[in-house]
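Visitor: One structure, as structure tokens, below. Some questions next.
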Amino acid sequence: MTGHDSAFDFNEITKSSIRACENCAGLSLAAAAIKLAEDGLLNVLAPEPLGLDLNRAFARPMIEAAARHHLSFPLIETLIASPFLALMDPKIAEQVMVGKQIITAARVSSLSADIIEGGIKLNGIVGEAPLVSEAHWLITPVKIIGGGTGLAIIELANLKSKLEPRREFEIGRPRNIVRLNDHCIPANHLISQPDIINSYNCNEMTFRAADLYSCAQSSLDLAISYISTRSQFGQKLVKFQALRHDLARARLVLENGSRLLDNALSDESHLDVTLAKSEFVYSHAASVTPAIAEMALQMHGGMGFTWDVPAHIYLRRIRAQISSIGLAETREKVADRAITKALQIHAI
Amino acid sequence: MVVDPIIFETVDPAAYRLEVRSWLEENLPQEWRADLPGYKHQTLPELYAWERQMYASGYAGVAWPKIYGGQGMTIREHLILNQEIGRLAMPLSTNSLGKELVGPILLAIGSEVQKYRFIPSLLNMDEIWCQGFSEPEAGSDLARVRTRAEKKENTWLINGHKIWTSLADRADYCLLLARTGPIENRHKSLSLFALPMKTKGITVRPIRQITEAEGFCEVFFDNVEISHDALIGSENDGWRSASEVLSVERATNRMYRGWRFENEFRHLIQVCASEPTLRDLLSNDHYRQQLAATWTDIEIIKSYVLDITKRLEQGGRIGQDGSLMKLHWSEAHQRFAALANEMLSMGWASNSPEMINASQRFEEIYLLSRAETIFAGTTEIQLGIIADRILQLPRES
């Protein structure tokens, strides 16, 4: 919690986020960036004077609105990058915060970073980052030769290699693989402090979880709306207990997730605790949300298999989010923490 | 939880936790800890004496008013006590219906005479209570209760049949839900009574449970006469009052569950780590994933409890969160119980005291957990509540 948080009304931010995302419908990515910046969605987490330096919990309503309105713009990527971008290169940060430039992020990469005189040399492959072909900057994890991990920012206009397209599970957010061969970046475009890397990872997992839950909630809302109006066998579908119970069970799962999300967003006392809670919530969200979106699609019957019913859009977005982050690795971290903690005597 | 912030006092939470923890460590017999080798089942008199000792030391009725025998503290101390109770694999209450159901209902709608008369005695284990709600034709659907209470000049005349009445064979009193008006009025013609179980005309027939445990019964009422002052609350208002209390109690009763669940989880992991034949399971991806999911389930249960406590402290309402928590806990606990038995079954060749004790404990937990999705509102009832009241799905076309 920063000193400014109390000046901002959470409900008001929720409403303005929804409005901002609605206003982006039909806009190009560049126009959406300007619009979102004007509406104050891009700089909430960036430090002053570029941003508002708010608690990361304020990002939640923005991410939820973006997911619900299937915003193509890389909002999560901008939000997770913004606190670090300001540290690495304030000029780029300023361009991104005002919407003149766009940043995207890759969760996985095999990049190695070699610190050489006058800069950093990168070699390897960057994983499936969305909208690389339209963005100006890419933030990606790297392994530093000599030890440690880091985050690097790459200027996409300077790329010599061709972008390799990958499957487009998600509509409007094409993904690419980027292969780098002795690609040089300035020294200040690499950050390697462990606390900063962990903080970045916390935000990434938590924000992606918020996106997943919001997509699942939107799917659930679609299903409720549909079965409340559709009749079969002489009565409204909503009267069938089997369907009511499926929906209730989905509601329970989302309530459970919301609690994990609250926990992950509220605890900033120790970074390690926050990291554990972020792993928890991402692992849970990635495990439970696909089934909810699939159930919602199923409840629409044949209509669920049509392009016009947006159930598939949420399902695609969920699947894309999960495929772009190391779920197995995150689950394994949760398991490791669970077993380690259980072996500690008298742990509460 | 009945809490009046004006007359209730609070203490330093950290100091209170330390006090409770120290007291339990000093007073709970080692052989009563189900997670330690050498565990022995307790006798009923031993359990009564233990709960009496807890009450005498201030560890029962924590958030109930002092004038009725409670400790006059707050929901925060109630939570701390439950957390500390949950941390230890200690015996469950043998007067849980009295402490978790009857006490809160009396505090909410009972007469002053009833509060003074019954609350101290149930806390001190002088009077054990059972709950007479379910009937053969009215299990989950209590609107179909047929046991009738007919108002006579000086008495209520009770006739009917209750089932699934835990502890009826040893109870001194029954919290009876009976029909006092036309059945067509469904929930609106039901009343609550404090019925003495020694009254003439009551027959109790024990029912053997899947755990082989005793204490599960059906009860027959044949022209049972009880005094007018046995009525709790207003005539025909029993179900509304009880539901209101229960919607809160469902969330505040047994707050120790999340921490007890964690105790069981820790026990399983520790046994696996100490047994050569089971140790590999902790490196097995399949089981690691399931253990991770279990731990997530436990954290969710704890977060419900902590959130409910916070809201009650701030004077907020619980709403239907009790249903969400109960449903999640009961199903997660069943999954865990099955997992624990599966994992421990692979240590079949071991005869270590730790292994034998754990196998017995988790077999009991598994069987008992089958009841957890049935009692206090079945899974189907909880799903119905979520569908009706949280999702507000329309019922009529």
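Chain lettering (A, B, ...) mirrors the order of the structure tokens, residue numbering begins at 1 for each chain separately, and ligand numbering begins at 1 in order of display.
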Mind running chain B against chain A at 6 Å and telling me each contacting residue's nearest atom pair with the distance in Å (one decimal), counting only C-alpha atoms, chain and number ascending, as a Markdown table?

Guide:
```
| residue | atom | partner | partner_atom | distance |
| --- | --- | --- | --- | --- |
| B:Arg266 | CA | A:Ala342 | CA | 4.6 |
| B:Gln270 | CA | A:Leu343 | CA | 5.9 |
| B:Arg288 | CA | A:Ala335 | CA | 5.5 |
| B:Ala292 | CA | A:Ala335 | CA | 4.3 |
| B:Leu383 | CA | A:His245 | CA | 5.5 |
| B:Ile386 | CA | A:Ala248 | CA | 5.5 |
| B:Ala387 | CA | A:Ala248 | CA | 5.1 |
| B:Arg395 | CA | A:Lys239 | CA | 5.9 |
| B:Ser397 | CA | A:Lys236 | CA | 5.9 |
```

Visitor: List as a ChimeraX atom specification the protein and nucleic acid residues near Gly132 (chain B), meaning an atom at most 7 Å away when only C-alpha atoms are counted, but skip any in the same chain fewer than 3 places from it.

Guide: /B:162,165,174-177

Visitor: Using DSSP assignments from the backbone, pull out every residue in region 230-333 of chain A that falls under strand (DSSP E) and give it to me as an MDAnalysis selection string.

Guide: chainID A and resid 231:232 235:236

Visitor: Which residues, written as a ChimeraX atom specification, have at least one atom at most 8 Å from region 294-297 of chain A, with only C-alpha atoms counted and residues fewer than 3 positions away on the same chain left out?

Guide: /A:219-220,222-223,290-291,300-301,304-305,311-312,315

Visitor: Mind checking which residues fall within 9 Å of Thr277 (chain B), counting only C-alpha atoms, ignoring those fewer than 5 positions away in the same chain, and posting them as number ranges by chain?

Guide: B: 272, 346-350

Visitor: Excluding same-chain residues fewer than 5 positions from Ser82 (chain A), what lies within 7 Å of it counting only C-alpha atoms, as a list in words?

Guide: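 Surrounding residues, per the criterion: Leu45, Ala46 and Ala93 of chain A.
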
Visitor: Using the selection just defined, write its residues with C-alpha atoms as a PDB file, in the first residue's frame.

Guide:
```pdb
ATOM      1  CA  LEU A  45       1.793   0.785 -10.963  1.00  0.00           C
ATOM      2  CA  ALA A  46       4.662   2.832 -12.336  1.00  0.00           C
ATOM      3  CA  ALA A  93       8.690   4.064 -19.701  1.00  0.00           C
TER       4      ALA A  93
END
```

Visitor: Give me, please, the distance in Å between CA of Ala106 (chain A) and CA of Ala129 (chain A), quoted to one decimal.

Guide: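 Atom-to-atom, CA of Ala106 (chain A) to CA of Ala129 (chain A), that is 4.5 Å.
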
Visitor: Determine the nearest neighbour of Cys130 (chain B) from the options B:Ser191, B:Thr94, B:Ser323, B:Gln114, counting only C-alpha atoms.

Guide: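 Answer, going by the shortest atom-to-atom distance: B:Thr94.
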
Visitor: Compare B:Gln334, B:Ser121, B:Ser352, B:Ser134 by their minimum atom-to-atom distance to Pro276 (chain B), counting only C-alpha atoms, and give me the closest one.

Guide: B:Ser352

Visitor: Go ahead and compute the interatomic distance for CA of Gly233 (chain B) and CA of Leu192 (chain B), in Å to one decimal.

Guide: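 Taking CA of Gly233 (chain B) as the start and CA of Leu192 (chain B) as the end point, the length is 7.2 Å.
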
Visitor: So that I can check the surroundings of Ala209 (chain A), please list as a PyMOL selection string every protein, DNA and RNA residue that reaches within 8 Å of it, counting only C-alpha atoms and ignoring chain neighbours fewer than 6 positions away.

Guide: chain A and resi 261+281-282+285-286

Visitor: Which residues, written as a PyMOL selection string, have at least one atom at most 12 Å from His270 (chain A), with only C-alpha atoms counted and residues fewer than 5 positions away on the same chain left out?

Guide: chain A and resi 195+198-199+202+264+275-277

Visitor: Emit the selected residues as a JSON list (two decimals), in the first residue's frame, including C-alpha atoms.

Guide:
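Okay, this is what ended up in selection_15.json:
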```json
[["chain", "number", "residue", "atom", "x", "y", "z"],
["A", 195, "ASP", "CA", 13.95, -9.00, -5.37],
["A", 198, "ASN", "CA", 10.64, -12.06, -7.81],
["A", 199, "SER", "CA", 8.37, -9.05, -7.63],
["A", 202, "CYS", "CA", 4.58, -12.26, -8.41],
["A", 264, "ALA", "CA", -1.99, -12.83, -3.13],
["A", 275, "LEU", "CA", 5.65, -15.24, -4.16],
["A", 276, "ALA", "CA", 4.22, -18.37, -2.55],
["A", 277, "LYS", "CA", 0.71, -16.91, -2.67]]
```

Visitor: Hey, can you check how far CA of Arg179 (chain B) sits from CA of Glu150 (chain B)?

Guide: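 For CA of Arg179 (chain B) relative to CA of Glu150 (chain B), the distance reads 8.2 Å.
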
Visitor: Nearest to Ala31 (chain A): which of A:Asn203, A:Ser72, A:Ser278, A:Ser269 is it, counting only C-alpha atoms?

Guide: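 Counting only C-alpha atoms, the residue closest to Ala31 (chain A) is A:Ser72.
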
Visitor: Go through region 202-341 of chain B and collect every residue that DSSP, computed from the backbone, puts in alpha helix (DSSP H); the answer should be as a ChimeraX atom specification.

Guide: /B:238-252,257-274,285-313,321-341

Visitor: For the residues in that selection, give me C-alpha atoms as a PDB file, in the first residue's frame.

Guide:
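Result file out-v1.pdb:
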```pdb
ATOM      1  CA  GLY B 238     -38.955 -22.095  14.908  1.00  0.00           C
ATOM      2  CA  TRP B 239     -37.623 -22.695  11.446  1.00  0.00           C
ATOM      3  CA  ARG B 240     -37.129 -19.048  10.529  1.00  0.00           C
ATOM      4  CA  SER B 241     -35.293 -18.350  13.766  1.00  0.00           C
ATOM      5  CA  ALA B 242     -33.200 -21.493  13.561  1.00  0.00           C
ATOM      6  CA  SER B 243     -32.270 -20.834   9.913  1.00  0.00           C
ATOM      7  CA  GLU B 244     -31.179 -17.318  10.723  1.00  0.00           C
ATOM      8  CA  VAL B 245     -28.967 -18.532  13.540  1.00  0.00           C
ATOM      9  CA  LEU B 246     -27.720 -21.478  11.509  1.00  0.00           C
ATOM     10  CA  SER B 247     -26.656 -19.358   8.556  1.00  0.00           C
ATOM     11  CA  VAL B 248     -24.201 -17.662  10.913  1.00  0.00           C
ATOM     12  CA  GLU B 249     -23.315 -20.751  12.904  1.00  0.00           C
ATOM     13  CA  ARG B 250     -22.541 -22.710   9.743  1.00  0.00           C
ATOM     14  CA  ALA B 251     -19.682 -20.259   9.287  1.00  0.00           C
ATOM     15  CA  THR B 252     -18.536 -19.809  12.882  1.00  0.00           C
ATOM     16  CA  ARG B 257     -11.542 -27.323  10.663  1.00  0.00           C
ATOM     17  CA  GLY B 258      -8.958 -25.667   8.424  1.00  0.00           C
ATOM     18  CA  TRP B 259      -6.243 -26.007  11.055  1.00  0.00           C
ATOM     19  CA  ARG B 260      -7.225 -29.586  11.926  1.00  0.00           C
ATOM     20  CA  PHE B 261      -7.130 -30.393   8.233  1.00  0.00           C
ATOM     21  CA  GLU B 262      -3.633 -28.943   8.187  1.00  0.00           C
ATOM     22  CA  ASN B 263      -2.699 -31.123  11.168  1.00  0.00           C
ATOM     23  CA  GLU B 264      -3.872 -34.185   9.242  1.00  0.00           C
ATOM     24  CA  PHE B 265      -1.994 -33.068   6.136  1.00  0.00           C
ATOM     25  CA  ARG B 266       1.178 -32.576   8.146  1.00  0.00           C
ATOM     26  CA  HIS B 267       0.714 -35.963   9.799  1.00  0.00           C
ATOM     27  CA  LEU B 268       0.441 -37.689   6.422  1.00  0.00           C
ATOM     28  CA  ILE B 269       3.550 -35.984   5.041  1.00  0.00           C
ATOM     29  CA  GLN B 270       5.559 -36.690   8.171  1.00  0.00           C
ATOM     30  CA  VAL B 271       4.639 -40.371   8.172  1.00  0.00           C
ATOM     31  CA  CYS B 272       5.531 -40.646   4.503  1.00  0.00           C
ATOM     32  CA  ALA B 273       8.859 -38.932   5.152  1.00  0.00           C
ATOM     33  CA  SER B 274       9.686 -41.243   8.051  1.00  0.00           C
ATOM     34  CA  ASP B 285       4.888 -36.177  -9.480  1.00  0.00           C
ATOM     35  CA  HIS B 286       1.377 -37.619  -9.320  1.00  0.00           C
ATOM     36  CA  TYR B 287       1.220 -37.445  -5.527  1.00  0.00           C
ATOM     37  CA  ARG B 288       3.080 -34.145  -5.324  1.00  0.00           C
ATOM     38  CA  GLN B 289       0.420 -32.566  -7.534  1.00  0.00           C
ATOM     39  CA  GLN B 290      -2.356 -33.916  -5.356  1.00  0.00           C
ATOM     40  CA  LEU B 291      -0.627 -32.777  -2.190  1.00  0.00           C
ATOM     41  CA  ALA B 292      -0.227 -29.319  -3.700  1.00  0.00           C
ATOM     42  CA  ALA B 293      -3.948 -29.267  -4.524  1.00  0.00           C
ATOM     43  CA  THR B 294      -4.761 -30.347  -0.966  1.00  0.00           C
ATOM     44  CA  TRP B 295      -2.635 -27.588   0.489  1.00  0.00           C
ATOM     45  CA  THR B 296      -4.417 -25.074  -1.736  1.00  0.00           C
ATOM     46  CA  ASP B 297      -7.743 -26.438  -0.471  1.00  0.00           C
ATOM     47  CA  ILE B 298      -6.600 -25.939   3.126  1.00  0.00           C
ATOM     48  CA  GLU B 299      -5.494 -22.386   2.468  1.00  0.00           C
ATOM     49  CA  ILE B 300      -8.887 -21.640   0.937  1.00  0.00           C
ATOM     50  CA  ILE B 301     -10.709 -22.964   4.010  1.00  0.00           C
ATOM     51  CA  LYS B 302      -8.519 -20.881   6.291  1.00  0.00           C
ATOM     52  CA  SER B 303      -9.102 -17.782   4.204  1.00  0.00           C
ATOM     53  CA  TYR B 304     -12.891 -18.235   4.501  1.00  0.00           C
ATOM     54  CA  VAL B 305     -12.570 -18.426   8.277  1.00  0.00           C
ATOM     55  CA  LEU B 306     -10.271 -15.427   8.557  1.00  0.00           C
ATOM     56  CA  ASP B 307     -12.485 -13.364   6.282  1.00  0.00           C
ATOM     57  CA  ILE B 308     -15.635 -14.283   8.198  1.00  0.00           C
ATOM     58  CA  THR B 309     -13.960 -13.335  11.480  1.00  0.00           C
ATOM     59  CA  LYS B 310     -12.873 -10.008  10.058  1.00  0.00           C
ATOM     60  CA  ARG B 311     -16.343  -9.241   8.748  1.00  0.00           C
ATOM     61  CA  LEU B 312     -18.027 -10.128  12.049  1.00  0.00           C
ATOM     62  CA  GLU B 313     -15.543  -7.957  13.924  1.00  0.00           C
ATOM     63  CA  ASP B 321     -20.564 -17.844   2.881  1.00  0.00           C
ATOM     64  CA  GLY B 322     -21.244 -20.609   5.374  1.00  0.00           C
ATOM     65  CA  SER B 323     -22.618 -22.719   2.524  1.00  0.00           C
ATOM     66  CA  LEU B 324     -19.602 -22.032   0.309  1.00  0.00           C
ATOM     67  CA  MET B 325     -17.183 -22.885   3.091  1.00  0.00           C
ATOM     68  CA  LYS B 326     -19.027 -26.006   4.205  1.00  0.00           C
ATOM     69  CA  LEU B 327     -19.281 -27.328   0.665  1.00  0.00           C
ATOM     70  CA  HIS B 328     -15.633 -26.677  -0.097  1.00  0.00           C
ATOM     71  CA  TRP B 329     -14.375 -28.090   3.200  1.00  0.00           C
ATOM     72  CA  SER B 330     -16.473 -31.260   3.109  1.00  0.00           C
ATOM     73  CA  GLU B 331     -15.525 -32.201  -0.445  1.00  0.00           C
ATOM     74  CA  ALA B 332     -11.871 -31.223  -0.098  1.00  0.00           C
ATOM     75  CA  HIS B 333     -11.611 -33.220   3.112  1.00  0.00           C
ATOM     76  CA  GLN B 334     -13.106 -36.271   1.441  1.00  0.00           C
ATOM     77  CA  ARG B 335     -10.616 -36.004  -1.415  1.00  0.00           C
ATOM     78  CA  PHE B 336      -7.762 -35.733   1.041  1.00  0.00           C
ATOM     79  CA  ALA B 337      -8.982 -38.671   3.136  1.00  0.00           C
ATOM     80  CA  ALA B 338      -9.077 -40.860   0.033  1.00  0.00           C
ATOM     81  CA  LEU B 339      -5.610 -39.668  -1.011  1.00  0.00           C
ATOM     82  CA  ALA B 340      -4.163 -40.346   2.438  1.00  0.00           C
ATOM     83  CA  ASN B 341      -5.510 -43.888   2.489  1.00  0.00           C
TER      84      ASN B 341
END
```
